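Here the structure comes first, spelled out in structure tokens, and everything after it is commentary.
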Amino acid sequence: MQQFSMAPTEMVASLWRNRYLIKTSIHREVVGRYRGSSMGILWSFFHPVFMLAVYTFVFSVVFKTRWQSGSDSKTEFALILFSGLIVFNIFSECINRAPGLILGHPNYVKKVIFPLEILPVVNLGSSLFHAMVSFMVWLLAYLIIFGMPHWTVVFVPVVILPLLLFTAGLSWWLSALGVYLRDVSQVVGIITTALLFLSPIFYSAERLPERYRFVMHFNPLTPVVEQTRNVLFWGKVPDLKLLSIYLICSLLVACLGFAWFQKTRKGFADVL
């Protein structure tokens with residue numbers, strides 16, 4: 001039986017070795033999602049705008065949610081909300097699809113030469129593309145409403161990088177686990193829904209009572225959501241110490257997730 005390396009160096013080497021295949025697969029994934037629709041890839045623009053309008057109406061008009069700034073501006077609330085949703089959507093889209101990645105490509109499992117480990121990365125790349133479209137929408141809206149964005153927007157890749165590594169690690173772990181436990185996708189859906197409302201997306205973390213704030217500290221999305229909002233809307237330089245700790249932890253999650261995937265992939269063909 002073929003042995004697969006679980007070393008972190010193999011993780012990097014595999015991504016580099018298959019970089020052209022990853023690029024092609026991401027393109028096919030993005031284009032294929034809208035194949036057959038009349039507006040095609042334009043849906044990647046309209047979908048986040050529509051959801052933004054719905055969330056903004058419900059939380060700013062119906063529930064009258066406000067931020068610590070005390071501003072009643074609905075456009076300000078919309079942009080603050082949108083910045084958090086961009087981060088959350090990268091994570092949730094990848095994690096929700098991860099348990100079915102291998103199950104959805106049984107033909108690839110039979111082909112020993114196909115690098116199965118790139119499937120979660122392709123999924124992440126597709127999600128990142130849609131996040132970039134949403135980010136451009138955010139910048140355009142800010143430019144029209146408030147003028148030139150803060151220079152701190154250049155830190156967005158630095159803030160997002162730890163989340164990408166963390167998401168990749170979880171995706172490797174869940175995609176392998178989903179082959180053996182088919183109920184994983186149902187559990188993941190519940191967890192991601194809970195994280196949506198337990199993250200400081202629709203409200204500021206400071207609005208939580210002191211005794212409940214520890215929940216935010218255990219939420220892996222909290223630091224990225226808050227730091228993204230800081231660099232995009234408030235014009236603050238990110239907390240590099242916090243991001244460094246998050247980056248180290250995310251690297252560990254990525255390495256462990258990849259190792260788990262490589263360890264368990266030998267049994268994929270037997271289960272499928």
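Note on naming: chains are A, B, ... as they come in the structure tokens, residues start from 1 per chain, ligands start from 1 in the order shown.
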Worksheet item: Excluding same-chain residues fewer than 5 positions from region 184-195 of chain A, what lies within 8 Å of it counting only C-alpha atoms, as a VMD selection string?
Response: chain A and resid 92 95 to 97 99 to 100 174 177 to 178 219
Take the selection from the previous step and output its residues with N, CA and C atoms, as a compact mmCIF listing (two decimals), in the first residue's frame.
# COMPACT_ATOMS: atom_id res chain seq x y z
N SER A 92 -16.77 29.93 6.43
CA SER A 92 -17.96 29.07 6.41
C SER A 92 -18.11 28.31 5.10
N ILE A 95 -15.50 25.42 5.20
CA ILE A 95 -15.77 24.42 6.23
C ILE A 95 -17.05 23.64 5.92
N ASN A 96 -18.07 24.32 5.42
CA ASN A 96 -19.32 23.63 5.11
C ASN A 96 -19.17 22.64 3.96
N ARG A 97 -18.29 22.93 3.03
CA ARG A 97 -18.10 22.05 1.87
C ARG A 97 -17.05 20.98 2.11
N PRO A 99 -16.48 18.50 4.38
CA PRO A 99 -16.79 17.08 4.61
C PRO A 99 -17.19 16.31 3.37
N GLY A 100 -17.65 17.00 2.33
CA GLY A 100 -18.08 16.31 1.11
C GLY A 100 -17.09 16.38 -0.04
N LEU A 174 -11.48 17.85 8.12
CA LEU A 174 -12.90 17.54 7.92
C LEU A 174 -13.15 16.75 6.63
N LEU A 177 -12.24 13.23 7.54
CA LEU A 177 -13.20 12.69 8.51
C LEU A 177 -14.55 12.43 7.87
N GLY A 178 -14.94 13.29 6.93
CA GLY A 178 -16.23 13.14 6.27
C GLY A 178 -16.37 11.86 5.46
N ASN A 219 -13.55 31.93 20.23
CA ASN A 219 -14.01 31.91 18.84
C ASN A 219 -12.83 32.24 17.92
Each residue of region 87-200 of chain A with at least one atom at most 9 Å from region 241-246 of chain A should appear once, together with its nearest atom pair and the corresponding distance in Å (one decimal); atoms considered: only C-alpha atoms; ordering: chain, then increasing residue number; output as a Markdown table.
| residue | atom | partner | partner_atom | distance |
| --- | --- | --- | --- | --- |
| A:Val158 | CA | A:Leu243 | CA | 8.3 |
| A:Val159 | CA | A:Leu243 | CA | 6.9 |
| A:Pro162 | CA | A:Tyr246 | CA | 6.2 |
| A:Leu163 | CA | A:Tyr246 | CA | 8.3 |
| A:Phe166 | CA | A:Tyr246 | CA | 8.9 |
Practice prompt. Would you mind listing what lies within 6 Å of Ser127 (chain A) as a PyMOL selection string, with only C-alpha atoms counted and same-chain residues fewer than 3 positions away left out?
Written response: chain A and resi 90+124+130
Item to complete: Mind checking which residues fall within 10 Å of region 137-151 of chain A, counting only C-alpha atoms, ignoring those fewer than 4 positions away in the same chain, and posting them as a list in words?
Response: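 Residues meeting the cut-off are Phe45, Phe46, Pro48, Val49, Thr75, Glu76, Ala78, Leu79, Ile80, Phe82, Ser83, Ile86, Ala131, Met132, Val133, Phe155, Val231, Leu232, Phe233, Trp234, Gly235, Lys236 and Val237 of chain A.
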Residues flagged alpha helix (DSSP H) by DSSP in region 54-188 of chain A, as a tab-separated table (two decimals) with N, CA and C atoms, in the first residue's frame:
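Written output follows (selection_23.tsv):
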chain	number	residue	atom	x	y	z
A	54	VAL	N	-30.15	42.55	3.10
A	54	VAL	CA	-31.07	41.87	4.01
A	54	VAL	C	-30.60	41.99	5.45
A	55	TYR	N	-29.32	41.65	5.70
A	55	TYR	CA	-28.79	41.73	7.06
A	55	TYR	C	-28.84	43.15	7.61
A	56	THR	N	-28.52	44.12	6.76
A	56	THR	CA	-28.52	45.52	7.20
A	56	THR	C	-29.92	45.96	7.61
A	74	LYS	N	-26.96	54.23	8.68
A	74	LYS	CA	-27.18	52.86	8.20
A	74	LYS	C	-26.10	52.46	7.20
A	75	THR	N	-25.55	53.41	6.46
A	75	THR	CA	-24.47	53.08	5.53
A	75	THR	C	-23.21	52.69	6.29
A	76	GLU	N	-22.95	53.37	7.40
A	76	GLU	CA	-21.80	53.00	8.24
A	76	GLU	C	-21.98	51.60	8.79
A	77	PHE	N	-23.18	51.33	9.30
A	77	PHE	CA	-23.45	50.00	9.84
A	77	PHE	C	-23.30	48.94	8.76
A	78	ALA	N	-23.78	49.23	7.53
A	78	ALA	CA	-23.72	48.27	6.44
A	78	ALA	C	-22.27	47.91	6.10
A	79	LEU	N	-21.39	48.88	6.06
A	79	LEU	CA	-19.99	48.62	5.72
A	79	LEU	C	-19.27	47.89	6.85
A	80	ILE	N	-19.59	48.23	8.08
A	80	ILE	CA	-19.00	47.51	9.22
A	80	ILE	C	-19.44	46.06	9.21
A	81	LEU	N	-20.72	45.86	8.97
A	81	LEU	CA	-21.27	44.51	8.89
A	81	LEU	C	-20.66	43.73	7.74
A	82	PHE	N	-20.54	44.37	6.59
A	82	PHE	CA	-20.03	43.71	5.39
A	82	PHE	C	-18.59	43.24	5.59
A	83	SER	N	-17.78	44.04	6.26
A	83	SER	CA	-16.38	43.66	6.47
A	83	SER	C	-16.28	42.38	7.29
A	84	GLY	N	-17.17	42.22	8.27
A	84	GLY	CA	-17.17	40.99	9.06
A	84	GLY	C	-17.68	39.80	8.27
A	85	LEU	N	-18.69	40.04	7.42
A	85	LEU	CA	-19.25	38.95	6.62
A	85	LEU	C	-18.25	38.42	5.59
A	86	ILE	N	-17.41	39.29	5.07
A	86	ILE	CA	-16.39	38.85	4.11
A	86	ILE	C	-15.50	37.80	4.76
A	87	VAL	N	-15.06	38.07	5.98
A	87	VAL	CA	-14.21	37.14	6.71
A	87	VAL	C	-14.95	35.84	7.00
A	88	PHE	N	-16.16	35.97	7.51
A	88	PHE	CA	-16.93	34.79	7.88
A	88	PHE	C	-17.22	33.90	6.67
A	89	ASN	N	-17.53	34.51	5.54
A	89	ASN	CA	-17.89	33.73	4.35
A	89	ASN	C	-16.71	32.90	3.84
A	90	ILE	N	-15.49	33.41	3.96
A	90	ILE	CA	-14.32	32.61	3.57
A	90	ILE	C	-14.29	31.33	4.39
A	91	PHE	N	-14.44	31.49	5.69
A	91	PHE	CA	-14.37	30.36	6.61
A	91	PHE	C	-15.55	29.40	6.41
A	92	SER	N	-16.77	29.93	6.43
A	92	SER	CA	-17.96	29.07	6.41
A	92	SER	C	-18.11	28.31	5.10
A	93	GLU	N	-17.81	28.97	3.99
A	93	GLU	CA	-17.94	28.29	2.70
A	93	GLU	C	-17.00	27.10	2.60
A	94	CYS	N	-15.77	27.28	3.06
A	94	CYS	CA	-14.79	26.18	3.01
A	94	CYS	C	-15.16	25.06	3.97
A	95	ILE	N	-15.50	25.42	5.20
A	95	ILE	CA	-15.77	24.42	6.23
A	95	ILE	C	-17.05	23.64	5.92
A	96	ASN	N	-18.07	24.32	5.42
A	96	ASN	CA	-19.32	23.63	5.11
A	96	ASN	C	-19.17	22.64	3.96
A	97	ARG	N	-18.29	22.93	3.03
A	97	ARG	CA	-18.10	22.05	1.87
A	97	ARG	C	-17.05	20.98	2.11
A	106	PRO	N	-15.23	10.72	-6.16
A	106	PRO	CA	-14.80	9.31	-6.00
A	106	PRO	C	-13.85	8.86	-7.10
A	107	ASN	N	-13.99	9.43	-8.30
A	107	ASN	CA	-13.11	9.02	-9.40
A	107	ASN	C	-11.66	9.43	-9.14
A	108	TYR	N	-11.47	10.56	-8.45
A	108	TYR	CA	-10.12	11.00	-8.14
A	108	TYR	C	-9.44	10.05	-7.14
A	109	VAL	N	-10.24	9.47	-6.25
A	109	VAL	CA	-9.70	8.57	-5.23
A	109	VAL	C	-9.10	7.33	-5.89
A	110	LYS	N	-9.71	6.87	-6.96
A	110	LYS	CA	-9.23	5.67	-7.64
A	110	LYS	C	-7.95	5.92	-8.42
A	119	LEU	N	-7.51	19.29	-3.06
A	119	LEU	CA	-8.94	19.59	-3.15
A	119	LEU	C	-9.38	20.64	-2.12
A	120	PRO	N	-8.98	20.51	-0.84
A	120	PRO	CA	-9.34	21.57	0.11
A	120	PRO	C	-8.73	22.92	-0.24
A	121	VAL	N	-7.55	22.91	-0.86
A	121	VAL	CA	-6.89	24.16	-1.24
A	121	VAL	C	-7.63	24.81	-2.41
A	122	VAL	N	-8.10	23.99	-3.34
A	122	VAL	CA	-8.90	24.50	-4.46
A	122	VAL	C	-10.19	25.12	-3.93
A	123	ASN	N	-10.81	24.45	-2.98
A	123	ASN	CA	-12.02	24.97	-2.36
A	123	ASN	C	-11.75	26.30	-1.67
A	124	LEU	N	-10.61	26.40	-0.99
A	124	LEU	CA	-10.23	27.64	-0.32
A	124	LEU	C	-9.97	28.75	-1.34
A	125	GLY	N	-9.32	28.39	-2.45
A	125	GLY	CA	-9.04	29.37	-3.50
A	125	GLY	C	-10.30	29.93	-4.10
A	126	SER	N	-11.29	29.07	-4.31
A	126	SER	CA	-12.57	29.53	-4.84
A	126	SER	C	-13.25	30.50	-3.88
A	127	SER	N	-13.23	30.17	-2.60
A	127	SER	CA	-13.82	31.05	-1.58
A	127	SER	C	-13.08	32.38	-1.51
A	128	LEU	N	-11.77	32.32	-1.66
A	128	LEU	CA	-10.96	33.53	-1.61
A	128	LEU	C	-11.27	34.44	-2.80
A	129	PHE	N	-11.54	33.84	-3.95
A	129	PHE	CA	-11.92	34.64	-5.12
A	129	PHE	C	-13.19	35.44	-4.85
A	130	HIS	N	-14.20	34.78	-4.29
A	130	HIS	CA	-15.45	35.47	-4.00
A	130	HIS	C	-15.26	36.52	-2.90
A	131	ALA	N	-14.34	36.25	-1.98
A	131	ALA	CA	-14.04	37.25	-0.95
A	131	ALA	C	-13.39	38.48	-1.57
A	132	MET	N	-12.55	38.27	-2.56
A	132	MET	CA	-11.90	39.40	-3.24
A	132	MET	C	-12.93	40.24	-3.98
A	133	VAL	N	-13.92	39.58	-4.60
A	133	VAL	CA	-15.00	40.33	-5.26
A	133	VAL	C	-15.76	41.16	-4.24
A	134	SER	N	-16.09	40.56	-3.10
A	134	SER	CA	-16.80	41.28	-2.03
A	134	SER	C	-15.96	42.43	-1.50
A	135	PHE	N	-14.65	42.21	-1.41
A	135	PHE	CA	-13.75	43.26	-0.93
A	135	PHE	C	-13.74	44.45	-1.89
A	136	MET	N	-13.75	44.18	-3.19
A	136	MET	CA	-13.80	45.25	-4.17
A	136	MET	C	-15.12	46.01	-4.08
A	137	VAL	N	-16.22	45.28	-3.83
A	137	VAL	CA	-17.52	45.93	-3.63
A	137	VAL	C	-17.45	46.84	-2.40
A	138	TRP	N	-16.83	46.36	-1.33
A	138	TRP	CA	-16.71	47.15	-0.10
A	138	TRP	C	-15.93	48.44	-0.37
A	139	LEU	N	-14.79	48.32	-1.07
A	139	LEU	CA	-13.96	49.49	-1.36
A	139	LEU	C	-14.71	50.50	-2.22
A	140	LEU	N	-15.45	50.00	-3.20
A	140	LEU	CA	-16.21	50.89	-4.07
A	140	LEU	C	-17.29	51.62	-3.28
A	141	ALA	N	-17.99	50.90	-2.42
A	141	ALA	CA	-19.04	51.52	-1.61
A	141	ALA	C	-18.45	52.56	-0.66
A	142	TYR	N	-17.32	52.24	-0.04
A	142	TYR	CA	-16.68	53.19	0.88
A	142	TYR	C	-16.23	54.44	0.12
A	143	LEU	N	-15.69	54.24	-1.08
A	143	LEU	CA	-15.21	55.37	-1.88
A	143	LEU	C	-16.36	56.30	-2.25
A	144	ILE	N	-17.51	55.73	-2.59
A	144	ILE	CA	-18.66	56.53	-2.98
A	144	ILE	C	-19.26	57.27	-1.79
A	145	ILE	N	-19.34	56.60	-0.64
A	145	ILE	CA	-20.03	57.16	0.53
A	145	ILE	C	-19.14	58.06	1.37
A	156	VAL	N	-4.79	44.21	4.90
A	156	VAL	CA	-5.82	43.16	4.80
A	156	VAL	C	-5.21	41.78	4.52
A	157	PRO	N	-4.28	41.63	3.56
A	157	PRO	CA	-3.68	40.29	3.35
A	157	PRO	C	-2.98	39.76	4.60
A	158	VAL	N	-2.34	40.64	5.37
A	158	VAL	CA	-1.64	40.22	6.59
A	158	VAL	C	-2.63	39.70	7.62
A	159	VAL	N	-3.79	40.35	7.71
A	159	VAL	CA	-4.81	39.96	8.67
A	159	VAL	C	-5.48	38.65	8.26
A	160	ILE	N	-5.69	38.48	6.96
A	160	ILE	CA	-6.43	37.31	6.46
A	160	ILE	C	-5.56	36.05	6.42
A	161	LEU	N	-4.25	36.19	6.26
A	161	LEU	CA	-3.36	35.03	6.10
A	161	LEU	C	-3.52	33.97	7.19
A	162	PRO	N	-3.53	34.34	8.48
A	162	PRO	CA	-3.70	33.29	9.51
A	162	PRO	C	-5.02	32.54	9.37
A	163	LEU	N	-6.07	33.25	8.96
A	163	LEU	CA	-7.37	32.59	8.78
A	163	LEU	C	-7.31	31.58	7.65
A	164	LEU	N	-6.59	31.90	6.58
A	164	LEU	CA	-6.48	30.98	5.44
A	164	LEU	C	-5.78	29.69	5.86
A	165	LEU	N	-4.71	29.82	6.64
A	165	LEU	CA	-3.99	28.63	7.11
A	165	LEU	C	-4.86	27.80	8.06
A	166	PHE	N	-5.55	28.49	8.95
A	166	PHE	CA	-6.44	27.81	9.89
A	166	PHE	C	-7.56	27.08	9.15
A	167	THR	N	-8.15	27.73	8.16
A	167	THR	CA	-9.23	27.14	7.38
A	167	THR	C	-8.74	25.95	6.56
A	168	ALA	N	-7.55	26.08	5.99
A	168	ALA	CA	-6.98	24.97	5.22
A	168	ALA	C	-6.77	23.75	6.11
A	169	GLY	N	-6.23	23.96	7.32
A	169	GLY	CA	-6.01	22.85	8.24
A	169	GLY	C	-7.30	22.15	8.61
A	170	LEU	N	-8.33	22.93	8.96
A	170	LEU	CA	-9.62	22.34	9.30
A	170	LEU	C	-10.24	21.62	8.09
A	171	SER	N	-10.05	22.19	6.90
A	171	SER	CA	-10.62	21.58	5.69
A	171	SER	C	-9.98	20.23	5.42
A	172	TRP	N	-8.67	20.11	5.59
A	172	TRP	CA	-8.00	18.81	5.42
A	172	TRP	C	-8.55	17.80	6.42
A	173	TRP	N	-8.70	18.24	7.65
A	173	TRP	CA	-9.18	17.34	8.69
A	173	TRP	C	-10.61	16.89	8.44
A	174	LEU	N	-11.48	17.85	8.12
A	174	LEU	CA	-12.90	17.54	7.92
A	174	LEU	C	-13.15	16.75	6.63
A	175	SER	N	-12.38	17.04	5.58
A	175	SER	CA	-12.57	16.31	4.33
A	175	SER	C	-12.22	14.84	4.48
A	176	ALA	N	-11.21	14.55	5.30
A	176	ALA	CA	-10.85	13.15	5.56
A	176	ALA	C	-11.86	12.50	6.50
A	177	LEU	N	-12.24	13.23	7.54
A	177	LEU	CA	-13.20	12.69	8.51
A	177	LEU	C	-14.55	12.43	7.87
A	178	GLY	N	-14.94	13.29	6.93
A	178	GLY	CA	-16.23	13.14	6.27
A	178	GLY	C	-16.37	11.86	5.46
A	179	VAL	N	-15.25	11.27	5.06
A	179	VAL	CA	-15.30	10.01	4.32
A	179	VAL	C	-15.77	8.88	5.23
A	180	TYR	N	-15.34	8.91	6.48
A	180	TYR	CA	-15.63	7.83	7.41
A	180	TYR	C	-16.90	8.09	8.24
A	184	VAL	N	-20.83	14.19	9.66
A	184	VAL	CA	-19.98	15.35	9.96
A	184	VAL	C	-20.53	16.61	9.31
A	185	SER	N	-21.02	16.51	8.09
A	185	SER	CA	-21.51	17.69	7.38
A	185	SER	C	-22.67	18.34	8.12
A	186	GLN	N	-23.52	17.52	8.75
A	186	GLN	CA	-24.66	18.08	9.48
A	186	GLN	C	-24.19	18.83	10.73
A	187	VAL	N	-23.22	18.26	11.42
A	187	VAL	CA	-22.68	18.90	12.63
A	187	VAL	C	-21.98	20.20	12.27
A	188	VAL	N	-21.21	20.18	11.19
A	188	VAL	CA	-20.47	21.37	10.76
A	188	VAL	C	-21.43	22.50	10.42
Item to complete: Determine, counting only C-alpha atoms, which protein, DNA and RNA residues have an atom within 12 Å of an atom of region 32-36 of chain A; residues of the same chain fewer than 3 positions away are not included. Present the result as a ChimeraX atom specification.
Response: /A:24-29,39-45,47,123,126-127,130
Keeping N, CA and C atoms, export the residues of the selection given above as a short mmCIF file (atom, residue, chain, number, x, y, z; two decimals), in the first residue's frame.
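Heads up, here's the output in result_39.cif:
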data_model
loop_
_atom_site.label_atom_id
_atom_site.label_comp_id
_atom_site.auth_asym_id
_atom_site.auth_seq_id
_atom_site.Cartn_x
_atom_site.Cartn_y
_atom_site.Cartn_z
N THR A 24 -5.64 25.96 -12.23
CA THR A 24 -6.63 25.54 -13.23
C THR A 24 -7.91 25.06 -12.56
N SER A 25 -7.77 24.33 -11.48
CA SER A 25 -8.94 23.78 -10.78
C SER A 25 -9.76 24.89 -10.14
N ILE A 26 -9.09 25.91 -9.59
CA ILE A 26 -9.81 27.04 -9.00
C ILE A 26 -10.61 27.77 -10.07
N HIS A 27 -9.98 27.99 -11.22
CA HIS A 27 -10.68 28.65 -12.33
C HIS A 27 -11.90 27.85 -12.76
N ARG A 28 -11.73 26.54 -12.88
CA ARG A 28 -12.84 25.69 -13.28
C ARG A 28 -13.95 25.68 -12.23
N GLU A 29 -13.56 25.71 -10.95
CA GLU A 29 -14.53 25.72 -9.87
C GLU A 29 -15.35 27.01 -9.87
N MET A 39 -26.66 35.32 -16.01
CA MET A 39 -25.72 36.37 -15.62
C MET A 39 -24.33 35.85 -15.32
N GLY A 40 -24.18 34.54 -15.26
CA GLY A 40 -22.87 33.95 -15.07
C GLY A 40 -22.17 34.41 -13.81
N ILE A 41 -20.92 34.79 -13.97
CA ILE A 41 -20.07 35.11 -12.82
C ILE A 41 -20.50 36.41 -12.14
N LEU A 42 -21.39 37.19 -12.76
CA LEU A 42 -21.90 38.40 -12.11
C LEU A 42 -22.64 38.09 -10.82
N TRP A 43 -23.10 36.83 -10.67
CA TRP A 43 -23.76 36.44 -9.43
C TRP A 43 -22.81 36.55 -8.24
N SER A 44 -21.53 36.41 -8.48
CA SER A 44 -20.57 36.55 -7.38
C SER A 44 -20.55 37.97 -6.84
N PHE A 45 -21.06 38.91 -7.64
CA PHE A 45 -21.19 40.30 -7.19
C PHE A 45 -22.55 40.55 -6.55
N HIS A 47 -24.82 38.43 -5.26
CA HIS A 47 -25.19 37.65 -4.08
C HIS A 47 -24.76 38.33 -2.78
N ASN A 123 -10.81 24.45 -2.98
CA ASN A 123 -12.02 24.97 -2.36
C ASN A 123 -11.75 26.30 -1.67
N SER A 126 -11.29 29.07 -4.31
CA SER A 126 -12.57 29.53 -4.84
C SER A 126 -13.25 30.50 -3.88
N SER A 127 -13.23 30.17 -2.60
CA SER A 127 -13.82 31.05 -1.58
C SER A 127 -13.08 32.38 -1.51
N HIS A 130 -14.20 34.78 -4.29
CA HIS A 130 -15.45 35.47 -4.00
C HIS A 130 -15.26 36.52 -2.90
#
Fill in: Point-to-point distance in Å for CA of Arg17 (chain A) and CA of Lys266 (chain A)
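Taking CA of Lys266 (chain A) and CA of Arg17 (chain A), their separation equals 20.8 Å.
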